[in-house]
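Text of input-v3.pdb (PDB, C-alpha atoms) as supplied:
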ATOM      1  CA  MET A   1     116.404  78.678  91.742
ATOM      2  CA  ILE A   2     116.774  81.051  94.663
ATOM      3  CA  GLY A   3     115.641  84.611  95.356
ATOM      4  CA  ASN A   4     116.712  86.958  98.116
ATOM      5  CA  ASP A   5     115.862  90.437  99.342
ATOM      6  CA  ILE A   6     117.424  92.732 101.923
ATOM      7  CA  ILE A   7     115.751  95.787 103.446
ATOM      8  CA  ASP A   8     117.812  98.389 105.308
ATOM      9  CA  LEU A   9     115.448  99.430 108.098
ATOM     10  CA  ASN A  10     116.852 102.952 108.490
ATOM     11  CA  GLU A  11     116.653 103.502 104.746
ATOM     12  CA  THR A  12     113.074 102.308 104.593
ATOM     13  CA  LYS A  13     112.102 104.579 107.488
ATOM     14  CA  ARG A  14     113.630 107.468 105.589
ATOM     15  CA  THR A  15     112.068 106.751 102.189
ATOM     16  CA  THR A  16     108.741 105.013 102.773
ATOM     17  CA  ASN A  17     105.754 105.957 104.903
ATOM     18  CA  TRP A  18     103.876 102.670 105.281
ATOM     19  CA  LYS A  19     101.172 104.460 107.270
ATOM     20  CA  ARG A  20     100.189 106.522 104.252
ATOM     21  CA  PRO A  21      96.422 106.049 103.671
ATOM     22  CA  GLY A  22      95.830 103.376 101.044
ATOM     23  CA  PHE A  23      99.419 102.107 101.106
ATOM     24  CA  LEU A  24      98.919  98.765 102.867
ATOM     25  CA  LYS A  25      95.795  97.958 100.850
ATOM     26  CA  LYS A  26      97.744  98.175  97.610
ATOM     27  CA  LEU A  27     100.609  96.044  98.891
ATOM     28  CA  PHE A  28      98.938  93.320 100.905
ATOM     29  CA  THR A  29      96.128  90.769 100.674
ATOM     30  CA  GLU A  30      93.326  90.884 103.262
ATOM     31  CA  THR A  31      94.955  87.995 105.155
ATOM     32  CA  GLU A  32      98.279  89.848 105.247
ATOM     33  CA  GLN A  33      96.575  93.064 106.374
ATOM     34  CA  ASP A  34      95.092  91.068 109.291
ATOM     35  CA  ILE A  35      98.527  89.686 110.201
ATOM     36  CA  ILE A  36      99.888  93.264 110.247
ATOM     37  CA  ALA A  37      96.932  94.647 112.236
ATOM     38  CA  ASN A  38      97.379  91.933 114.887
ATOM     39  CA  SER A  39     101.153  92.235 115.077
ATOM     40  CA  ASP A  40     102.945  93.623 118.143
ATOM     41  CA  ASP A  41     105.385  95.296 115.792
ATOM     42  CA  PRO A  42     103.522  96.257 112.609
ATOM     43  CA  PHE A  43     106.514  98.104 111.117
ATOM     44  CA  THR A  44     108.658  94.957 111.205
ATOM     45  CA  THR A  45     105.806  92.750 109.990
ATOM     46  CA  VAL A  46     105.142  95.035 107.003
ATOM     47  CA  TRP A  47     108.750  94.818 105.849
ATOM     48  CA  GLN A  48     109.098  91.125 106.677
ATOM     49  CA  LEU A  49     106.139  90.325 104.408
ATOM     50  CA  TRP A  50     107.432  92.687 101.746
ATOM     51  CA  SER A  51     110.896  91.062 101.706
ATOM     52  CA  MET A  52     109.224  87.638 101.411
ATOM     53  CA  LYS A  53     107.280  88.843  98.366
ATOM     54  CA  GLU A  54     110.353  90.375  96.734
ATOM     55  CA  SER A  55     112.465  87.239  97.209
ATOM     56  CA  ALA A  56     109.660  84.986  95.931
ATOM     57  CA  TYR A  57     109.084  87.188  92.875
ATOM     58  CA  LYS A  58     112.734  86.708  91.850
ATOM     59  CA  VAL A  59     112.242  82.923  91.798
ATOM     60  CA  PHE A  60     109.040  83.352  89.795
ATOM     61  CA  ILE A  61     110.943  85.365  87.148
ATOM     62  CA  GLN A  62     113.862  82.897  87.121
ATOM     63  CA  ALA A  63     111.323  80.150  86.448
ATOM     64  CA  GLY A  64     110.186  82.028  83.337
ATOM     65  CA  GLY A  65     107.146  83.759  84.867
ATOM     66  CA  LYS A  66     105.810  86.834  83.069
ATOM     67  CA  PRO A  67     106.817  90.094  84.814
ATOM     68  CA  PHE A  68     104.074  91.922  86.702
ATOM     69  CA  TYR A  69     103.958  94.490  89.472
ATOM     70  CA  ASN A  70     100.846  93.859  91.573
ATOM     71  CA  PRO A  71     102.250  92.895  95.018
ATOM     72  CA  ARG A  72      98.861  91.485  96.075
ATOM     73  CA  ARG A  73      99.297  88.620  93.631
ATOM     74  CA  LEU A  74     101.989  87.223  95.916
ATOM     75  CA  ALA A  75     100.237  85.758  98.942
ATOM     76  CA  CYS A  76     102.288  85.301 102.115
ATOM     77  CA  ASN A  77     101.667  82.873 104.904
ATOM     78  CA  LEU A  78     103.672  82.947 108.145
ATOM     79  CA  LYS A  79     104.398  79.646 109.827
ATOM     80  CA  ALA A  80     106.401  79.044 112.990
ATOM     81  CA  ALA A  81     109.840  78.565 111.486
ATOM     82  CA  HIS A  82     109.304  79.394 107.830
ATOM     83  CA  GLY A  83     107.159  81.492 105.597
ATOM     84  CA  GLU A  84     105.409  80.586 102.388
ATOM     85  CA  VAL A  85     104.583  82.690  99.365
ATOM     86  CA  LEU A  86     102.109  81.590  96.716
ATOM     87  CA  ILE A  87     102.401  83.102  93.209
ATOM     88  CA  GLU A  88      99.856  81.701  90.801
ATOM     89  CA  SER A  89     100.428  77.939  91.217
ATOM     90  CA  MET A  90     104.009  78.267  92.475
ATOM     91  CA  LEU A  91     104.506  77.778  96.209
ATOM     92  CA  LEU A  92     107.817  78.992  97.652
ATOM     93  CA  LYS A  93     109.383  78.453 101.059
ATOM     94  CA  THR A  94     110.973  81.479 102.676
ATOM     95  CA  ASP A  95     113.337  82.071 105.570
ATOM     96  CA  THR A  96     113.728  85.503 107.117
ATOM     97  CA  ILE A  97     116.393  87.031 109.352
ATOM     98  CA  ILE A  98     115.310  90.083 111.324
ATOM     99  CA  ASN A  99     117.583  92.284 113.431
ATOM    100  CA  ALA A 100     117.821  95.938 114.412
ATOM    101  CA  ASN A 101     119.503  96.907 111.136
ATOM    102  CA  TYR A 102     117.922  94.887 108.357
ATOM    103  CA  ILE A 103     115.384  92.287 107.291
ATOM    104  CA  PHE A 104     116.615  89.607 104.943
ATOM    105  CA  SER A 105     114.524  86.928 103.213
ATOM    106  CA  VAL A 106     115.431  83.988 101.004
ATOM    107  CA  ALA A 107     112.903  82.097  98.863
ATOM    108  CA  LYS A 108     113.353  78.604  97.400
ATOM    109  CA  LYS A 109     111.155  75.922  95.922
ATOM    110  CA  ARG A 110     112.225  73.348  98.471
ATOM    111  CA  GLU A 111     113.630  73.485 101.965
ATOM    112  CA  THR A 112     117.195  73.063 100.771
ATOM    113  CA  THR A 113     120.011  74.970 102.417
ATOM    114  CA  ALA A 114     121.619  78.110 101.056
ATOM    115  CA  LYS A 115     124.806  80.028 101.676
ATOM    116  CA  ASN A 116     124.070  83.679 102.442
ATOM    117  CA  GLY A 117     126.566  86.511 102.660
ATOM    118  CA  ILE A 118     125.411  89.787 104.186
ATOM    119  CA  PHE A 119     127.649  92.833 104.476
ATOM    120  CA  LYS A 120     127.594  96.574 104.959
ATOM    121  CA  LEU A 121     128.186  99.064 102.169
ATOM    122  CA  ASP A 122     129.026 102.599 103.062
ATOM    123  CA  GLY A 123     128.691 105.936 101.359
ATOM    124  CA  LEU A 124     128.354 104.619  97.826
ATOM    125  CA  ASP A 125     125.880 105.592  95.161
ATOM    126  CA  ILE A 126     123.427 102.970  94.021
ATOM    127  CA  LYS A 127     125.411 101.914  90.920
ATOM    128  CA  LYS A 128     128.681 101.529  92.839
ATOM    129  CA  GLN A 129     126.844  99.488  95.460
ATOM    130  CA  SER A 130     125.715  97.092  92.804
ATOM    131  CA  ASP A 131     129.300  96.758  91.504
ATOM    132  CA  VAL A 132     130.738  96.160  94.981
ATOM    133  CA  LEU A 133     128.104  93.500  95.682
ATOM    134  CA  LYS A 134     128.919  91.691  92.422
ATOM    135  CA  GLN A 135     132.644  91.782  93.213
ATOM    136  CA  GLN A 136     132.085  90.363  96.707
ATOM    137  CA  PHE A 137     129.949  87.588  95.279
ATOM    138  CA  LEU A 138     132.483  86.740  92.543
ATOM    139  CA  LYS A 139     135.279  86.732  95.093
ATOM    140  CA  TYR A 140     133.352  84.211  97.197
ATOM    141  CA  ILE A 141     132.673  81.999  94.159
ATOM    142  CA  SER A 142     136.312  82.126  93.055
ATOM    143  CA  VAL A 143     137.626  81.073  96.471
ATOM    144  CA  GLU A 144     135.025  78.308  96.962
ATOM    145  CA  ASN A 145     135.557  76.813  93.504
ATOM    146  CA  ASN A 146     139.209  77.620  93.012
ATOM    147  CA  LEU A 147     138.557  79.793  89.964
ATOM    148  CA  ASN A 148     140.296  82.929  88.782
ATOM    149  CA  VAL A 149     138.148  85.855  89.895
ATOM    150  CA  HIS A 150     139.134  87.846  86.792
ATOM    151  CA  ALA A 151     137.655  85.163  84.541
ATOM    152  CA  LEU A 152     134.289  85.362  86.295
ATOM    153  CA  ALA A 153     131.493  87.658  85.188
ATOM    154  CA  ILE A 154     127.805  88.204  85.723
ATOM    155  CA  ARG A 155     125.577  88.783  82.721
ATOM    156  CA  LYS A 156     121.871  89.271  82.593
ATOM    157  CA  SER A 157     119.700  86.960  80.533
ATOM    158  CA  GLU A 158     117.062  88.341  78.154
ATOM    159  CA  THR A 159     114.544  88.249  80.983
ATOM    160  CA  GLY A 160     116.906  90.220  83.237
ATOM    161  CA  VAL A 161     117.997  87.271  85.378
ATOM    162  CA  PRO A 162     121.698  87.459  86.360
ATOM    163  CA  LYS A 163     123.784  84.438  85.311
ATOM    164  CA  LEU A 164     127.338  83.493  86.212
ATOM    165  CA  PHE A 165     130.015  82.968  83.571
ATOM    166  CA  ASN A 166     133.581  81.630  83.724
ATOM    167  CA  LYS A 167     135.625  82.531  80.629
ATOM    168  CA  ASN A 168     132.392  82.976  78.675
ATOM    169  CA  THR A 169     131.012  79.584  79.721
ATOM    170  CA  LYS A 170     127.871  79.638  81.800
ATOM    171  CA  ILE A 171     128.234  78.077  85.245
ATOM    172  CA  ASN A 172     125.091  76.506  86.648
ATOM    173  CA  VAL A 173     124.970  78.123  90.064
ATOM    174  CA  ALA A 174     121.619  79.275  91.416
ATOM    175  CA  PHE A 175     122.159  82.634  93.111
ATOM    176  CA  SER A 176     120.486  85.918  93.922
ATOM    177  CA  LEU A 177     121.824  89.386  94.784
ATOM    178  CA  SER A 178     120.106  92.198  96.665
ATOM    179  CA  HIS A 179     121.128  95.543  98.107
ATOM    180  CA  HIS A 180     119.252  98.354  99.793
ATOM    181  CA  GLY A 181     120.474 101.371 101.744
ATOM    182  CA  LYS A 182     123.701 100.388 103.514
ATOM    183  CA  TYR A 183     123.293  96.607 103.204
ATOM    184  CA  ALA A 184     124.045  94.056 100.526
ATOM    185  CA  SER A 185     123.580  90.318 100.304
ATOM    186  CA  TYR A 186     124.154  87.316  98.099
ATOM    187  CA  SER A 187     122.495  83.909  98.373
ATOM    188  CA  ILE A 188     123.693  80.720  96.715
ATOM    189  CA  LEU A 189     121.735  77.478  96.560
ATOM    190  CA  ASN A 190     123.738  74.557  97.928
TER     191      ASN A 190
ATOM    192  CA  MET B   1      92.727 112.678  74.783
ATOM    193  CA  PRO B   2      95.530 114.582  76.556
ATOM    194  CA  ASP B   3      98.729 115.145  74.604
ATOM    195  CA  LYS B   4     101.271 112.361  75.214
ATOM    196  CA  ASP B   5     104.298 114.637  75.755
ATOM    197  CA  ASN B   6     102.364 116.633  78.321
ATOM    198  CA  MET B   7     101.372 113.465  80.085
ATOM    199  CA  ILE B   8     104.970 112.250  80.231
ATOM    200  CA  ALA B   9     105.957 115.662  81.657
ATOM    201  CA  GLU B  10     103.235 115.345  84.313
ATOM    202  CA  LEU B  11     104.328 111.817  85.135
ATOM    203  CA  LYS B  12     107.931 113.020  85.474
ATOM    204  CA  LEU B  13     106.872 115.418  88.215
ATOM    205  CA  ILE B  14     105.072 112.588  90.009
ATOM    206  CA  VAL B  15     107.975 110.114  89.913
ATOM    207  CA  LYS B  16     110.721 112.679  90.641
ATOM    208  CA  PRO B  17     110.744 112.263  94.458
ATOM    209  CA  TYR B  18     111.246 108.504  94.144
ATOM    210  CA  ILE B  19     113.810 108.041  91.349
ATOM    211  CA  GLN B  20     117.368 106.955  92.187
ATOM    212  CA  ASP B  21     118.849 107.200  88.703
ATOM    213  CA  GLU B  22     119.250 110.788  87.507
ATOM    214  CA  GLU B  23     120.365 109.793  84.033
ATOM    215  CA  GLY B  24     117.440 107.420  83.576
ATOM    216  CA  PHE B  25     115.151 110.171  84.827
ATOM    217  CA  GLU B  26     116.559 112.833  82.472
ATOM    218  CA  ASN B  27     116.030 110.435  79.559
ATOM    219  CA  MET B  28     112.660 109.173  80.754
ATOM    220  CA  HIS B  29     110.554 108.048  77.792
ATOM    221  CA  GLU B  30     107.643 105.732  77.067
ATOM    222  CA  GLY B  31     109.811 102.626  77.264
ATOM    223  CA  SER B  32     111.395 103.507  80.635
ATOM    224  CA  ASP B  33     110.985 100.788  83.241
ATOM    225  CA  PHE B  34     110.210 102.232  86.688
ATOM    226  CA  ILE B  35     112.344  99.782  88.647
ATOM    227  CA  ASN B  36     115.175  98.903  86.223
ATOM    228  CA  ASP B  37     115.701 102.258  84.470
ATOM    229  CA  LEU B  38     114.586 104.845  87.027
ATOM    230  CA  LYS B  39     115.667 102.688  90.004
ATOM    231  CA  ILE B  40     112.472 103.450  91.872
ATOM    232  CA  ASN B  41     112.346 101.272  94.970
ATOM    233  CA  SER B  42     109.582  98.714  94.468
ATOM    234  CA  ALA B  43     107.758  99.804  97.643
ATOM    235  CA  ASN B  44     107.898 103.434  96.473
ATOM    236  CA  LEU B  45     106.132 102.407  93.279
ATOM    237  CA  ILE B  46     103.040 102.180  95.504
ATOM    238  CA  ASP B  47     103.589 105.877  96.305
ATOM    239  CA  VAL B  48     103.765 106.654  92.589
ATOM    240  CA  ILE B  49     100.464 104.790  92.090
ATOM    241  CA  LEU B  50      98.788 106.596  94.999
ATOM    242  CA  ASP B  51     100.059 109.951  93.690
ATOM    243  CA  ILE B  52      98.670 109.174  90.215
ATOM    244  CA  GLU B  53      95.329 108.164  91.750
ATOM    245  CA  ASP B  54      95.184 111.461  93.658
ATOM    246  CA  LYS B  55      96.191 113.635  90.723
ATOM    247  CA  TYR B  56      93.803 112.146  88.157
ATOM    248  CA  ASP B  57      91.082 111.027  90.588
ATOM    249  CA  ILE B  58      91.224 107.442  89.340
ATOM    250  CA  VAL B  59      91.610 104.031  91.011
ATOM    251  CA  PHE B  60      94.064 101.319  89.986
ATOM    252  CA  ASP B  61      92.287  97.973  89.853
ATOM    253  CA  ASN B  62      94.045  94.594  89.938
ATOM    254  CA  GLU B  63      94.632  94.535  86.203
ATOM    255  CA  SER B  64      96.195  98.018  86.269
ATOM    256  CA  MET B  65      98.437  97.003  89.171
ATOM    257  CA  ASP B  66      99.667  93.985  87.197
ATOM    258  CA  LYS B  67     100.682  96.177  84.243
ATOM    259  CA  MET B  68     102.348  99.030  86.170
ATOM    260  CA  LEU B  69     105.941  98.282  85.133
ATOM    261  CA  ASN B  70     106.833 101.133  82.771
ATOM    262  CA  VAL B  71     105.899 104.621  81.576
ATOM    263  CA  ARG B  72     103.891 103.302  78.619
ATOM    264  CA  ALA B  73     101.716 101.159  80.881
ATOM    265  CA  ALA B  74     101.172 104.078  83.276
ATOM    266  CA  LEU B  75     100.004 106.335  80.426
ATOM    267  CA  GLU B  76      97.643 103.616  79.151
ATOM    268  CA  ILE B  77      96.162 103.102  82.605
ATOM    269  CA  ILE B  78      95.667 106.846  83.161
ATOM    270  CA  ASN B  79      94.009 107.311  79.752
ATOM    271  CA  GLN B  80      91.805 104.257  80.200
ATOM    272  CA  LYS B  81      90.640 105.232  83.679
ATOM    273  CA  ILE B  82      89.996 108.856  82.689
ATOM    274  CA  SER B  83      87.929 107.752  79.673
ATOM    275  CA  GLU B  84      85.911 105.358  81.864
ATOM    276  CA  LYS B  85      84.934 108.289  84.087
ATOM    277  CA  GLN B  86      83.449 110.275  81.200
TER     278      GLN B  86
END

Before anything else, please render the file you have as structure tokens.
Amino acid sequence: MIGNDIIDLNETKRTTNWKRPGFLKKLFTETEQDIIANSDDPFTTVWQLWSMKESAYKVFIQAGGKPFYNPRRLACNLKAAHGEVLIESMLLKTDTIINANYIFSVAKKRETTAKNGIFKLDGLDIKKQSDVLKQQFLKYISVENNLNVHALAIRKSETGVPKLFNKNTKINVAFSLSHHGKYASYSILN
Amino acid sequence: MPDKDNMIAELKLIVKPYIQDEEGFENMHEGSDFINDLKINSANLIDVILDIEDKYDIVFDNESMDKMLNVRAALEIINQKISEKQ
């Protein structure tokens, strides 16, 4: 199982005012609010923690967890090289990439490696973005595994988890897709 | 108890600034999922919650936050919190 999340920093500046009174309290635990308050760059810390929660939640759902919204039920911990997110009794390891354009997090149960593809999407509406991301991901899978891209498809399970199929046969590849603003990403567990 | 259709209409006004799926929004009904059907960004769902709290003068507790996935849950939370005030 693997979960990822990408946040386009310009998009988030445009759409979300994290300084809105009451906003941080609803999103973050007391410990996380302290981390943000003591950060040199609270904006980046807010969205780093948020991307960790989003990526971890995807693993929780893949594992059969019951859907919920409450972001405070995902508790983040920042360590030197990695992060951790605790959801109920499930502890996930996260890795985050931060640059001037986006924040990208990947969550896994163990510190195994993953293949991540990150690319820019331009001027597309949200549904087209999702289609382009799926095509990019399928193209990667087809090249890596020597499969016909036209035989590959993504279908959602009953719980809304995307699964990969080759000629109607499910392929056991753990992956996660995320897009936001102008950026898209796929992550595949090695 | 406020009329359900009126409440959905009020909720539509609240979510309008945050939706990214016009079709899902036009067809918004009790079963609509905020994130999957209306494509509300998950961080903006906090804005929806804060706007609901302001409009109805209620507070979402932990249990309400857990449930806040779709229109039906939002209506239940609003009704429950309003009735607790009286």

**Request:** For the file shown, report as a PyMOL selection string the outcome of the ChimeraX specification (/A :<6) & /B at residue level.
**Result:** chain B and resi 65-68

**Complete:** The distance between CA of Ile171 (chain A) and CA of Thr113 (chain A) is 19.3 Å

**Distance of CA of Ile2 (chain A) from CA of Lys167 (chain A), expressed in Å to one decimal place** = 23.5 Å

**Contacts of region 153-158 of chain A at 9 Å (all atoms listed in the file; same-chain gap of 6+ positions) as a ChimeraX atom specification** = /A:134,138,164-168

**Message:** I'd like the residues picked by the PyMOL selection byres ((chain A and resi 65) around 12) written out as a ChimeraX atom specification, using the chain letters and numbers from the file.
**Reply:** /A:56-64,66-68,87-90,159-161

**Message:** Please list as JSON, numbers by chain every residue within 12 Å of Ile7 (chain A), counting all atoms listed in the file and excluding residues in the same chain fewer than 3 positions away.
**Reply:** {"A": [4, 10, 11, 12, 13, 15, 16, 44, 46, 47, 48, 49, 50, 51, 52, 54, 55, 96, 97, 98, 99, 100, 101, 102, 103, 104, 105, 118, 120, 178, 179, 180, 181, 182, 183, 184, 185], "B": [41, 42, 43]}

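In terms of minimum interatomic distance to Asp47 (chain B), A:Lys19 ranks closest within A:Asn77, A:Lys19, A:Val143, A:Lys109, counting all atoms listed in the file.
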
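The space separating CA of Ile8 (chain B) from CA of Arg14 (chain A) comes to 27.2 Å.
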
**Item:** Test item: the PyMOL selection byres ((chain A and resi 114) around 9) resolved as a list in words
**Value:** Ile2, Val106, Thr112, Thr113, Lys115, Asn116, Ser187, Ile188, Leu189 and Asn190 of chain A

**Message:** Here's a test: counting all atoms listed in the file, identify every protein, DNA and RNA residue with an atom at most 12 Å from (108.2, 114.3, 90.1) in the file's coordinate frame, and state them as a VMD selection string.
**Reply:** chain B and resid 8 to 20 22 25 to 26 28 38 40 47 to 48 51 to 52

**Item:** Shortest interatomic distance to Asp5 (chain B) - which of B:Arg72, B:Glu84, B:Tyr56, B:Lys39, counting only C-alpha atoms
**Value:** B:Arg72

**Message:** Restricting the calculation to only C-alpha atoms: of B:Asn70, B:Gln86, B:Asn79, B:Asn44, which residue gets closest to Met7 (chain B)?
**Reply:** B:Asn79

**Polymer residues at most 8 Å from Ile58 (chain B), all atoms listed in the file, same-chain spacing of 3 or more positions, as a VMD selection string** = chain B and resid 52 to 54 78 81 to 82

Mind giving me the axis-aligned box for region 50-59 of chain B with 5 Å on every side, centre plus edges in Å to one decimal, as lines of an AutoDock Vina configuration file?
center_x = 95.6
center_y = 108.8
center_z = 91.6
size_x = 19.0
size_y = 19.6
size_z = 16.8
